[in-house]
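First comes the structure, then the notes that go with it.
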Amino acid sequence: ALLRFGALRYLCADVDDGLLCGWLQQSAQAAGLRPVRLPETLRLRRRGRMMFAFNYGSDPLSLPFAPTQDYLLGGPDLPPAGVAAWEVP
């Protein structure tokens with residue numbers, strides 16, 4: 001069951017990953033966020049004004065978005081175990 005009361009939403013069900021991801025994406029968009037699906041081995045961390053991207057995988061990958069600032073470390077293509085960093089506004 002999906003229950004809504006104003007801006008609150010509650011999902012009470014055992015759903016598959018695809019349905020859950022779709023529901024979370026719609027909920028985030030309804031809240032004014034712009035969700036981006038990331039590759040399974042990509043992790044993002046924000047520390048103050050710095051954004052870091054870590055490739056935890058054994059294969060290279062490309063960031064699925066373009067930062068608005070120049071890279072301070074690395075770039076849009078991350079090698080295995082690679083790191084990129086940029087400043088965010």
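A note on labels: chains of the structure tokens are A, B, ... as shown, every chain counts residues from 1, and ligands are counted from 1 in their shown order.
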query = Neighbours of Gly48 (chain A) within 9 Å (only C-alpha atoms; same-chain residues fewer than 3 positions away dropped), as a PyMOL selection string?
reply = chain A and resi 51+87-88
Keeping N, CA and C atoms, export the residues of the selection given above as a PDB file, in the first residue's frame.
ATOM      1  N   MET A  51      32.881  18.340  -3.569  1.00  0.00           N
ATOM      2  CA  MET A  51      32.182  17.119  -3.950  1.00  0.00           C
ATOM      3  C   MET A  51      33.234  16.124  -4.428  1.00  0.00           C
ATOM      4  N   GLU A  87      34.631  21.728  -6.731  1.00  0.00           N
ATOM      5  CA  GLU A  87      33.952  22.617  -5.784  1.00  0.00           C
ATOM      6  C   GLU A  87      32.520  22.823  -6.244  1.00  0.00           C
ATOM      7  N   VAL A  88      31.602  22.856  -5.282  1.00  0.00           N
ATOM      8  CA  VAL A  88      30.192  23.093  -5.582  1.00  0.00           C
ATOM      9  C   VAL A  88      29.788  24.443  -5.004  1.00  0.00           C
TER      10      VAL A  88
END
message = Taking the DSSP secondary structure from the backbone, can you list the residues of region 6-86 of chain A that are alpha helix (DSSP H), as a list in words?
response = Asp17, Gly18, Leu19, Leu20, Cys21, Gly22, Trp23, Leu24, Gln25, Gln26, Ser27, Ala28, Gln29 and Ala30 of chain A
task = Name the residues in contact with Pro80 (chain A) at a cut-off of 8 Å, using only C-alpha atoms, excluding same-chain residues fewer than 6 positions from it; report them as a list in words.
result =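 Listing them by chain and then by number gives Asn55, Tyr56, Gly57, Ser58, Asp59, Pro60 and Leu61 of chain A.
The environment of Leu73 (chain A) within 9 Å, counting only C-alpha atoms and disregarding residues fewer than 2 places along the same chain, consists of Phe52, Tyr71, Gly75, Val83, Ala84, Ala85 and Trp86 of chain A.
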DSSP strand (DSSP E or B) residues within chain A, listed as a PyMOL selection string = chain A and resi 2-5+8-11+42-47+50-55+61-62+71-73+77-78+83-87
Could those residues be written to a file, using N, CA and C atoms, as a compact mmCIF listing (two decimals), in the first residue's frame?
# COMPACT_ATOMS: atom_id res chain seq x y z
N LEU A 2 0.45 2.24 -0.71
CA LEU A 2 1.12 3.54 -0.72
C LEU A 2 0.16 4.54 -0.10
N LEU A 3 0.57 5.12 1.01
CA LEU A 3 -0.27 6.09 1.71
C LEU A 3 0.35 7.47 1.59
N ARG A 4 -0.50 8.47 1.37
CA ARG A 4 -0.03 9.85 1.30
C ARG A 4 -0.92 10.72 2.16
N PHE A 5 -0.29 11.63 2.87
CA PHE A 5 -1.00 12.63 3.66
C PHE A 5 -0.22 13.92 3.48
N LEU A 8 3.70 13.91 3.06
CA LEU A 8 4.23 12.65 3.60
C LEU A 8 3.79 11.47 2.74
N ARG A 9 4.70 10.54 2.55
CA ARG A 9 4.41 9.32 1.79
C ARG A 9 4.94 8.13 2.57
N TYR A 10 4.17 7.05 2.55
CA TYR A 10 4.56 5.84 3.26
C TYR A 10 4.26 4.65 2.37
N LEU A 11 5.29 3.87 2.09
CA LEU A 11 5.14 2.68 1.26
C LEU A 11 5.21 1.46 2.18
N LEU A 42 29.84 3.60 -8.08
CA LEU A 42 30.16 5.02 -7.92
C LEU A 42 29.55 5.55 -6.64
N ARG A 43 30.36 6.23 -5.83
CA ARG A 43 29.89 6.86 -4.60
C ARG A 43 30.22 8.34 -4.67
N LEU A 44 29.29 9.17 -4.22
CA LEU A 44 29.50 10.61 -4.14
C LEU A 44 29.47 11.04 -2.68
N ARG A 45 30.34 11.96 -2.32
CA ARG A 45 30.37 12.51 -0.96
C ARG A 45 30.59 14.01 -1.06
N ARG A 46 29.81 14.75 -0.29
CA ARG A 46 29.99 16.20 -0.22
C ARG A 46 30.53 16.55 1.15
N ARG A 47 31.58 17.31 1.17
CA ARG A 47 32.19 17.80 2.41
C ARG A 47 32.35 19.31 2.26
N MET A 50 33.12 20.96 -1.19
CA MET A 50 33.80 20.01 -2.07
C MET A 50 32.91 18.79 -2.31
N MET A 51 32.88 18.34 -3.57
CA MET A 51 32.18 17.12 -3.95
C MET A 51 33.23 16.12 -4.43
N PHE A 52 33.14 14.90 -3.95
CA PHE A 52 34.08 13.84 -4.31
C PHE A 52 33.32 12.70 -4.97
N ALA A 53 33.92 12.12 -5.99
CA ALA A 53 33.38 10.93 -6.66
C ALA A 53 34.42 9.83 -6.52
N PHE A 54 33.99 8.66 -6.06
CA PHE A 54 34.88 7.52 -5.85
C PHE A 54 34.38 6.35 -6.68
N ASN A 55 35.29 5.75 -7.45
CA ASN A 55 34.97 4.54 -8.19
C ASN A 55 35.47 3.36 -7.38
N LEU A 61 34.85 3.99 -15.23
CA LEU A 61 33.50 4.49 -15.48
C LEU A 61 33.54 5.99 -15.70
N SER A 62 32.49 6.50 -16.31
CA SER A 62 32.35 7.94 -16.55
C SER A 62 31.25 8.48 -15.66
N TYR A 71 37.34 20.53 -12.47
CA TYR A 71 37.83 19.50 -11.55
C TYR A 71 39.09 19.99 -10.85
N LEU A 72 39.17 19.75 -9.56
CA LEU A 72 40.38 20.04 -8.81
C LEU A 72 41.25 18.79 -8.70
N LEU A 73 40.63 17.63 -8.90
CA LEU A 73 41.32 16.35 -8.85
C LEU A 73 40.61 15.41 -9.82
N ASP A 77 36.19 10.91 -16.26
CA ASP A 77 36.42 9.47 -16.46
C ASP A 77 37.28 8.95 -15.31
N LEU A 78 36.69 8.05 -14.53
CA LEU A 78 37.39 7.53 -13.35
C LEU A 78 37.95 6.14 -13.64
N VAL A 83 39.44 8.65 -8.15
CA VAL A 83 38.78 9.71 -7.38
C VAL A 83 38.77 10.98 -8.21
N ALA A 84 37.68 11.72 -8.11
CA ALA A 84 37.59 13.05 -8.70
C ALA A 84 37.04 13.99 -7.65
N ALA A 85 37.39 15.27 -7.74
CA ALA A 85 36.89 16.26 -6.79
C ALA A 85 36.67 17.58 -7.51
N TRP A 86 35.63 18.29 -7.09
CA TRP A 86 35.33 19.62 -7.62
C TRP A 86 34.60 20.42 -6.56
N GLU A 87 34.63 21.73 -6.73
CA GLU A 87 33.95 22.62 -5.78
C GLU A 87 32.52 22.82 -6.24
request  = Could you give me, as a list in words, the residues within 10 Å of Ala7 (chain A), counting only C-alpha atoms and dropping anything in the same chain fewer than 5 positions from it?
outcome  = Ser27, Ala30 and Ala31 of chain A
Store the residues picked out above, limited to C-alpha atoms, as a PDB file, in the first residue's frame.
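Result file follows (again37.pdb):
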ATOM      1  CA  SER A  27       9.003  11.107  -4.647  1.00  0.00           C
ATOM      2  CA  ALA A  30       7.874  15.781  -6.239  1.00  0.00           C
ATOM      3  CA  ALA A  31      10.021  17.241  -3.428  1.00  0.00           C
TER       4      ALA A  31
END
I want to know what sits within 9 Å of Pro89 (chain A), based on only C-alpha atoms, with residues of the same chain fewer than 4 positions away left out; could you give that as a PDB file with C-alpha atoms, in the first residue's frame?
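Final output, saved to result.pdb:
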ATOM      1  CA  ARG A  49      31.952  23.022  -0.690  1.00  0.00           C
ATOM      2  CA  MET A  50      33.802  20.008  -2.065  1.00  0.00           C
ATOM      3  CA  THR A  68      29.352  23.002 -13.006  1.00  0.00           C
ATOM      4  CA  GLN A  69      32.924  23.725 -11.880  1.00  0.00           C
TER       5      GLN A  69
END
